>>> print(open('entry17.txt').read())   # compact mmCIF, C-alpha atoms
# COMPACT_ATOMS: atom_id res chain seq x y z
CA MET A 1 24.69 -26.42 -73.58
CA SER A 2 24.33 -25.55 -69.91
CA ASP A 3 24.46 -27.13 -66.50
CA ARG A 4 23.05 -26.00 -63.20
CA LEU A 5 23.79 -26.50 -59.54
CA PRO A 6 21.02 -26.66 -56.94
CA HIS A 7 20.12 -23.19 -55.67
CA THR A 8 20.45 -22.30 -52.04
CA ALA A 9 17.28 -21.80 -50.05
CA GLY A 10 15.33 -18.78 -51.23
CA ALA A 11 17.25 -18.53 -54.50
CA GLU A 12 14.00 -18.85 -56.46
CA LYS A 13 12.95 -15.47 -55.08
CA THR A 14 16.23 -13.65 -55.42
CA GLY A 15 17.92 -15.41 -58.34
CA PRO A 16 21.25 -17.22 -58.32
CA ARG A 17 24.16 -15.89 -56.33
CA PHE A 18 26.46 -15.96 -59.36
CA ARG A 19 26.29 -16.79 -63.05
CA LEU A 20 29.43 -18.21 -64.63
CA ARG A 21 30.10 -18.41 -68.39
CA CYS A 22 33.11 -19.85 -70.16
CA TRP A 23 34.59 -17.92 -73.10
CA GLY A 24 37.82 -19.90 -73.43
CA ALA A 25 38.91 -23.21 -71.89
CA ARG A 26 42.13 -24.05 -73.70
CA GLY A 27 45.65 -23.69 -72.36
CA THR A 28 49.04 -22.59 -73.73
CA ILE A 29 48.01 -21.45 -77.23
CA PRO A 30 44.77 -21.15 -79.23
CA SER A 31 43.89 -24.37 -81.03
CA PRO A 32 40.99 -23.83 -83.46
CA GLY A 33 40.09 -26.54 -85.93
CA PRO A 34 37.78 -29.47 -86.61
CA ARG A 35 39.16 -31.54 -83.70
CA THR A 36 38.31 -28.88 -81.07
CA VAL A 37 34.91 -27.61 -82.21
CA ARG A 38 32.87 -28.76 -79.19
CA TYR A 39 35.15 -27.66 -76.38
CA GLY A 40 36.63 -24.76 -78.30
CA GLY A 41 40.08 -23.48 -79.08
CA HIS A 42 40.20 -20.11 -77.28
CA THR A 43 42.49 -19.70 -74.30
CA THR A 44 41.44 -19.12 -70.73
CA CYS A 45 38.65 -16.66 -69.97
CA MET A 46 35.70 -16.94 -67.58
CA GLU A 47 32.93 -14.39 -66.92
CA VAL A 48 31.22 -14.23 -63.53
CA ARG A 49 28.13 -12.08 -63.01
CA THR A 50 27.06 -11.24 -59.50
CA ARG A 51 23.46 -10.90 -58.41
CA ASP A 52 24.04 -7.12 -58.63
CA ASN A 53 25.26 -7.48 -62.25
CA ASP A 54 28.89 -6.72 -61.40
CA VAL A 55 31.14 -8.18 -64.10
CA ILE A 56 34.12 -10.24 -62.90
CA VAL A 57 36.46 -11.58 -65.61
CA LEU A 58 38.87 -14.36 -64.72
CA ASP A 59 41.87 -14.28 -67.08
CA ALA A 60 42.17 -12.46 -70.38
CA GLY A 61 43.02 -15.11 -72.96
CA THR A 62 41.79 -15.05 -76.53
CA GLY A 63 38.25 -15.79 -75.35
CA LEU A 64 38.16 -12.25 -73.96
CA ARG A 65 37.46 -10.77 -77.38
CA ALA A 66 34.08 -12.50 -77.72
CA LEU A 67 33.23 -11.61 -74.13
CA GLY A 68 34.00 -7.96 -74.87
CA GLN A 69 31.66 -8.00 -77.85
CA HIS A 70 28.98 -9.57 -75.68
CA LEU A 71 29.39 -6.88 -73.03
CA ARG A 72 29.24 -4.17 -75.69
CA ASP A 73 25.99 -5.55 -77.09
CA ASP A 74 24.47 -6.43 -73.72
CA ASN A 75 21.14 -4.90 -72.69
CA ASN A 76 20.22 -4.29 -76.34
CA GLY A 77 22.90 -1.68 -76.71
CA ASP A 78 21.65 0.46 -73.83
CA SER A 79 24.92 1.84 -72.47
CA ALA A 80 23.15 3.21 -69.39
CA LYS A 81 22.52 -0.36 -68.21
CA ARG A 82 26.08 -1.54 -68.63
CA ALA A 83 28.40 -1.83 -65.67
CA ALA A 84 30.63 1.25 -65.54
CA ARG A 85 33.55 -0.83 -64.34
CA THR A 86 34.67 -4.27 -65.47
CA HIS A 87 36.87 -6.19 -63.04
CA VAL A 88 39.54 -8.36 -64.69
CA PHE A 89 41.54 -10.69 -62.45
CA LEU A 90 44.69 -12.21 -63.95
CA THR A 91 46.02 -15.40 -62.41
CA HIS A 92 49.42 -14.57 -63.93
CA GLU A 93 51.00 -12.93 -66.96
CA HIS A 94 51.79 -15.81 -69.30
CA THR A 95 50.73 -15.06 -72.86
CA ASP A 96 47.70 -17.35 -73.02
CA HIS A 97 46.19 -15.54 -70.01
CA VAL A 98 46.61 -11.92 -71.17
CA ILE A 99 46.75 -11.87 -74.98
CA GLY A 100 43.07 -11.03 -75.42
CA LEU A 101 43.23 -7.72 -73.55
CA PRO A 102 44.15 -5.45 -76.50
CA HIS A 103 41.00 -6.70 -78.26
CA PHE A 104 38.62 -6.20 -75.32
CA ALA A 105 35.75 -3.92 -76.43
CA PRO A 106 35.30 -2.03 -73.10
CA LEU A 107 38.80 -0.61 -73.57
CA PHE A 108 37.51 1.27 -76.60
CA ASP A 109 34.54 2.76 -74.73
CA ALA A 110 35.31 6.14 -73.21
CA ASP A 111 32.64 5.60 -70.53
CA GLN A 112 34.18 2.35 -69.31
CA VAL A 113 36.93 1.66 -66.80
CA VAL A 114 38.65 -1.71 -66.89
CA GLN A 115 40.03 -2.58 -63.46
CA VAL A 116 42.82 -5.16 -63.76
CA THR A 117 44.05 -6.93 -60.65
CA GLY A 118 47.15 -9.08 -60.98
CA GLY A 119 47.31 -12.18 -58.86
CA ALA A 120 50.97 -13.09 -59.26
CA CYS A 121 52.95 -9.83 -59.41
CA ASP A 122 52.95 -6.31 -58.07
CA ALA A 123 50.91 -3.64 -59.83
CA ALA A 124 53.96 -2.04 -61.48
CA SER A 125 55.02 -5.32 -63.07
CA THR A 126 51.51 -6.02 -64.32
CA ARG A 127 51.26 -2.49 -65.71
CA ARG A 128 54.50 -2.94 -67.66
CA VAL A 129 53.28 -6.19 -69.20
CA LEU A 130 49.92 -4.75 -70.19
CA ASP A 131 51.45 -1.54 -71.56
CA SER A 132 53.73 -3.63 -73.75
CA LEU A 133 50.69 -5.50 -75.10
CA LEU A 134 48.91 -2.25 -75.94
CA THR A 135 51.76 -0.47 -77.72
CA PRO A 136 54.04 -1.07 -80.73
CA PRO A 137 55.52 -3.36 -81.86
CA LEU A 138 52.90 -5.75 -80.45
CA PHE A 139 49.88 -3.51 -81.05
CA PRO A 140 49.15 -0.31 -83.01
CA ALA A 141 49.65 3.03 -81.29
CA LEU A 142 46.08 3.89 -80.32
CA PRO A 143 45.81 7.01 -78.13
CA ARG A 144 44.56 6.76 -74.56
CA LEU A 145 43.85 3.02 -74.73
CA GLY A 146 46.10 2.29 -71.76
CA ASP A 147 44.55 5.19 -69.84
CA ARG A 148 41.33 3.20 -69.50
CA LEU A 149 43.14 0.51 -67.54
CA SER A 150 43.32 0.80 -63.78
CA VAL A 151 45.92 -1.69 -62.54
CA SER A 152 46.32 -2.98 -59.00
CA ALA A 153 47.47 -6.08 -57.13
CA PHE A 154 46.47 -8.03 -54.04
CA ASP A 155 47.76 -6.46 -50.84
CA ASN A 156 49.18 -8.86 -48.23
CA GLY A 157 46.46 -11.44 -48.69
CA THR A 158 43.61 -8.97 -48.31
CA PRO A 159 40.67 -9.91 -50.54
CA VAL A 160 39.61 -7.51 -53.30
CA GLU A 161 36.07 -6.22 -52.95
CA VAL A 162 33.79 -6.10 -55.97
CA GLY A 163 30.75 -3.91 -55.53
CA THR A 164 29.39 -3.87 -52.01
CA ARG A 165 28.73 -7.58 -51.37
CA TYR A 166 31.43 -9.65 -53.07
CA ALA A 167 35.08 -10.49 -52.51
CA VAL A 168 37.81 -12.20 -54.51
CA HIS A 169 40.43 -14.04 -52.45
CA ARG A 170 43.88 -15.00 -53.72
CA PHE A 171 45.83 -18.18 -52.93
CA PRO A 172 49.23 -19.20 -54.34
CA ALA A 173 49.35 -21.76 -57.12
CA ARG A 174 52.35 -23.94 -58.01
CA HIS A 175 53.37 -22.71 -61.44
CA PRO A 176 56.70 -21.51 -62.89
CA GLY A 177 57.08 -17.79 -62.25
CA GLY A 178 54.15 -17.76 -59.85
CA ALA A 179 50.40 -17.79 -60.38
CA ALA A 180 47.24 -17.28 -58.36
CA ILE A 181 44.11 -19.22 -57.53
CA PHE A 182 40.97 -17.15 -56.99
CA ARG A 183 37.97 -17.82 -54.77
CA ILE A 184 34.86 -15.67 -55.15
CA ASP A 185 32.67 -15.22 -52.08
CA ASP A 186 29.46 -13.49 -51.08
CA ALA A 187 27.70 -13.27 -47.74
CA SER A 188 26.74 -16.96 -48.01
CA GLY A 189 30.40 -17.99 -48.29
CA ALA A 190 32.57 -19.41 -51.02
CA ALA A 191 30.92 -19.88 -54.42
CA ILE A 192 33.49 -20.32 -57.20
CA ALA A 193 37.18 -21.25 -57.20
CA PHE A 194 39.36 -20.75 -60.28
CA ALA A 195 42.72 -22.54 -60.59
CA PRO A 196 43.66 -22.72 -64.29
CA ASP A 197 47.41 -23.29 -63.87
CA ASN A 198 48.26 -25.32 -60.78
CA GLU A 199 50.55 -28.31 -60.24
CA LEU A 200 49.02 -30.45 -57.50
CA ASP A 201 51.83 -33.05 -57.73
CA PHE A 202 50.29 -35.85 -55.67
CA ALA A 203 53.37 -37.95 -56.51
CA SER A 204 55.60 -35.67 -54.44
CA ASP A 205 56.67 -36.66 -50.92
CA ASP A 206 58.04 -33.15 -50.27
CA ALA A 207 56.64 -31.94 -46.94
CA THR A 208 56.36 -28.39 -48.26
CA VAL A 209 54.22 -29.48 -51.22
CA ILE A 210 52.02 -31.64 -49.00
CA ALA A 211 51.51 -28.79 -46.52
CA TRP A 212 50.69 -26.34 -49.33
CA ARG A 213 48.14 -28.71 -50.83
CA ARG A 214 46.56 -29.32 -47.41
CA GLY A 215 46.23 -25.58 -46.87
CA LEU A 216 44.68 -25.11 -50.30
CA THR A 217 42.21 -27.91 -49.61
CA LEU A 218 41.07 -26.09 -46.48
CA ALA A 219 40.85 -22.75 -48.31
CA LEU A 220 38.59 -24.23 -50.99
CA HIS A 221 36.64 -26.60 -48.74
CA GLY A 222 33.00 -26.97 -49.73
CA VAL A 223 33.17 -24.66 -52.74
CA PRO A 224 30.18 -25.31 -55.03
CA ILE A 225 32.15 -24.88 -58.28
CA LEU A 226 35.86 -25.64 -58.66
CA VAL A 227 37.40 -24.82 -62.04
CA HIS A 228 40.78 -26.55 -62.11
CA ASP A 229 43.74 -27.19 -64.36
CA ALA A 230 43.44 -30.55 -66.14
CA MET A 231 46.18 -30.11 -68.72
CA TYR A 232 47.56 -33.65 -68.69
CA THR A 233 46.66 -37.29 -68.34
CA ASP A 234 48.39 -39.23 -65.58
CA GLY A 235 50.59 -40.87 -68.22
CA GLU A 236 51.76 -37.50 -69.50
CA LEU A 237 52.62 -36.18 -66.04
CA ARG A 238 55.86 -38.14 -65.75
CA ALA A 239 57.46 -36.13 -68.56
CA HIS A 240 56.08 -32.80 -67.33
CA ARG A 241 56.81 -32.56 -63.62
CA GLY A 242 57.71 -28.99 -62.77
CA TRP A 243 55.79 -27.55 -65.73
CA GLY A 244 53.10 -26.16 -63.43
CA HIS A 245 50.07 -28.24 -64.43
CA SER A 246 47.95 -31.12 -63.12
CA SER A 247 46.30 -34.16 -64.60
CA ALA A 248 42.53 -34.48 -64.79
CA LEU A 249 42.61 -37.36 -62.33
CA GLU A 250 44.68 -35.30 -59.88
CA ALA A 251 42.15 -32.48 -60.19
CA THR A 252 39.35 -34.97 -59.49
CA ARG A 253 41.11 -36.32 -56.42
CA PHE A 254 41.72 -32.79 -55.17
CA ALA A 255 38.09 -31.74 -55.77
CA MET A 256 36.88 -34.73 -53.74
CA GLU A 257 39.24 -33.80 -50.92
CA CYS A 258 37.84 -30.26 -51.03
CA VAL A 259 34.29 -31.65 -50.94
CA ALA A 260 33.51 -29.45 -53.94
CA GLY A 261 30.06 -29.66 -55.48
CA MET A 262 31.22 -29.66 -59.09
CA LEU A 263 34.62 -29.95 -60.78
CA VAL A 264 35.03 -28.17 -64.11
CA LEU A 265 38.09 -29.55 -65.91
CA PHE A 266 39.91 -26.62 -67.52
CA HIS A 267 42.99 -25.50 -69.44
CA HIS A 268 42.72 -28.35 -71.94
CA HIS A 269 45.94 -29.26 -73.73
CA PRO A 270 46.07 -27.57 -77.17
CA ASP A 271 46.60 -30.96 -78.85
CA ARG A 272 43.65 -32.58 -77.06
CA SER A 273 40.75 -33.42 -79.38
CA ASP A 274 37.11 -33.24 -78.35
CA ASP A 275 36.91 -37.03 -78.30
CA ALA A 276 40.00 -37.25 -76.10
CA VAL A 277 38.50 -34.73 -73.64
CA ASP A 278 35.31 -36.83 -73.57
CA ALA A 279 37.37 -39.89 -72.63
CA ILE A 280 39.13 -37.99 -69.84
CA VAL A 281 35.80 -36.86 -68.38
CA GLN A 282 34.56 -40.45 -68.31
CA GLU A 283 37.75 -41.61 -66.59
CA CYS A 284 37.34 -38.93 -63.93
CA ARG A 285 33.69 -39.86 -63.37
CA GLN A 286 34.69 -43.49 -62.91
CA LEU A 287 37.13 -42.43 -60.19
CA VAL A 288 34.34 -40.49 -58.46
CA THR A 289 32.03 -43.51 -58.60
CA LEU A 290 34.68 -45.86 -57.23
CA SER A 291 35.40 -43.38 -54.43
CA GLY A 292 31.74 -43.17 -53.42
CA SER A 293 31.78 -39.39 -53.86
CA THR A 294 28.89 -37.17 -54.97
CA LEU A 295 31.22 -34.87 -56.93
CA ARG A 296 29.96 -33.89 -60.38
CA VAL A 297 32.60 -33.69 -63.13
CA ILE A 298 32.37 -31.89 -66.46
CA ALA A 299 34.90 -30.37 -68.84
CA ALA A 300 34.63 -26.67 -69.66
CA TRP A 301 33.55 -25.71 -73.15
CA GLU A 302 33.08 -22.34 -74.78
CA GLY A 303 29.54 -21.28 -73.98
CA LEU A 304 29.20 -23.35 -70.81
CA GLN A 305 26.93 -21.57 -68.32
CA LEU A 306 26.57 -22.43 -64.65
CA THR A 307 24.68 -20.87 -61.76
CA VAL A 308 25.25 -21.16 -58.06
>>> encode(input="entry17.txt", output="structure tokens")
Amino acid sequence: MSDRLPHTAGAEKTGPRFRLRCWGARGTIPSPGPRTVRYGGHTTCMEVRTRDNDVIVLDAGTGLRALGQHLRDDNNGDSAKRAARTHVFLTHEHTDHVIGLPHFAPLFDADQVVQVTGGACDAASTRRVLDSLLTPPLFPALPRLGDRLSVSAFDNGTPVEVGTRYAVHRFPARHPGGAAIFRIDDASGAAIAFAPDNELDFASDDATVIAWRRGLTLALHGVPILVHDAMYTDGELRAHRGWGHSSALEATRFAMECVAGMLVLFHHHPDRSDDAVDAIVQECRQLVTLSGSTLRVIAAWEGLQLTV
């Protein structure tokens, strides 16, 4: 299955600005089984390809393993055509966002460098977490595996450049222990925003929360694709305030405030069946219709491909 956004003027001649592919849309813990076949059970992982074929990976959940195999086999096995450097951006270091890294095929390729940029912590903290994942007792002692990781962090709000024409911006999310929201830009402006773990908390009357949300709305204004946390239903939120997640309806309201082109509901609850996700999508679309918005709403599934 795939979905497409309208290209910008001239895109037919030059191709899309970015190609996005989902390799894992689930939150908290993998949830394979007959009830999650259509949307998938792998945890958070998105691939973004630039027009220059730079590879940007957003989060390293269990979906990262299949992405790594795809990158290894890309271009019919012609290693000369592969990107020499893969850029992995981690929103934070909770298990479901990093557990796929030890099984990422480029780490086992001596000609590859995997650049990891942590969005929530300093580089030293991220390095310690990743080293622990790649060494006993959590992983076999494989020589030089960690040496193929180059670890960095965002520096005082400065965006991270990818290639010569692209930038990844970081904004703070509301999530226990800290987390990041990423916005990917090119010369035409913002293209994709990624907020897998983010508590919007529209029920709060706290001035700090309201000001933060207003600032985030401005930062993501007009983004063509917004991938956002939709862990809960509104009914479930009451028992989970402070857990660092949003409801699908909150995400829809936020996307409309941002004037986003498309909302991709993400980080599905591990207990949520395919049919239940379908029902949530329909509820969100009804809200859009009643609001008179042009926002498009879908739920992420493994294999979803979008262009912008």
>>> atom_distance(input="entry17.txt", atom1="CA of Leu145 (chain A)", atom2="CA of Leu107 (chain A)")
6.3 Å
>>> atom_distance(input="entry17.txt", atom1="CA of Ala251 (chain A)", atom2="CA of Ala299 (chain A)")
11.5 Å
>>> residues_near_point(input="entry17.txt", point="(37.8, -20.1, -69.6)", cutoff="8 Å", atoms="only C-alpha atoms", output="list in words")
Arg21, Cys22, Trp23, Gly24, Ala25, Arg26, Thr43, Thr44, Cys45, Met46, Glu47, Leu58, Asp59, Gly61, Gly63, Phe266, His267, Ala300, Trp301 and Glu302 of chain A
>>> closest_residue(input="entry17.txt", among="A:Thr233, A:Thr86, A:Thr294, A:Thr252", to="Gly163 (chain A)", atoms="all atoms listed in the file")
A:Thr86
>>> residues_near_point(input="entry17.txt", point="(37.9, -8.5, -67.1)", cutoff="6 Å", atoms="all atoms listed in the file", output="PyMOL selection string")
chain A and resi 56-57+86-88
>>> atom_distance(input="entry17.txt", atom1="CA of Leu101 (chain A)", atom2="CA of Arg51 (chain A)")
25.1 Å
>>> closest_atom_pairs(input="entry17.txt", of="region 241-304 of chain A", to="region 178-197 of chain A", cutoff="10 Å", atoms="all atoms listed in the file", output="CSV")
residue,atom,partner,partner_atom,distance
A:Trp243,CA,A:Asp197,CA,9.6
A:Gly244,CA,A:Asp197,CA,6.4
A:His245,CA,A:Asp197,CA,5.6
A:Ser246,CA,A:Asp197,CA,7.9
A:Ala251,CA,A:Ala195,CA,10.0
A:Ala260,CA,A:Ala193,CA,9.6
A:Gly261,CA,A:Ala191,CA,9.9
A:Met262,CA,A:Ile192,CA,9.8
A:Leu263,CA,A:Ala193,CA,9.7
A:Val264,CA,A:Phe194,CA,9.4
A:Leu265,CA,A:Pro196,CA,9.0
A:Phe266,CA,A:Pro196,CA,6.3
A:His267,CA,A:Pro196,CA,5.9
A:His268,CA,A:Pro196,CA,9.5
>>> write_last_selection(input="entry17.txt", atoms="C-alpha atoms", output="PDB file, in the frame of the given file")
ATOM      1  CA  TRP A 243      55.790 -27.550 -65.730  1.00  0.00           C
ATOM      2  CA  GLY A 244      53.100 -26.160 -63.430  1.00  0.00           C
ATOM      3  CA  HIS A 245      50.070 -28.240 -64.430  1.00  0.00           C
ATOM      4  CA  SER A 246      47.950 -31.120 -63.120  1.00  0.00           C
ATOM      5  CA  ALA A 251      42.150 -32.480 -60.190  1.00  0.00           C
ATOM      6  CA  ALA A 260      33.510 -29.450 -53.940  1.00  0.00           C
ATOM      7  CA  GLY A 261      30.060 -29.660 -55.480  1.00  0.00           C
ATOM      8  CA  MET A 262      31.220 -29.660 -59.090  1.00  0.00           C
ATOM      9  CA  LEU A 263      34.620 -29.950 -60.780  1.00  0.00           C
ATOM     10  CA  VAL A 264      35.030 -28.170 -64.110  1.00  0.00           C
ATOM     11  CA  LEU A 265      38.090 -29.550 -65.910  1.00  0.00           C
ATOM     12  CA  PHE A 266      39.910 -26.620 -67.520  1.00  0.00           C
ATOM     13  CA  HIS A 267      42.990 -25.500 -69.440  1.00  0.00           C
ATOM     14  CA  HIS A 268      42.720 -28.350 -71.940  1.00  0.00           C
TER      15      HIS A 268
END
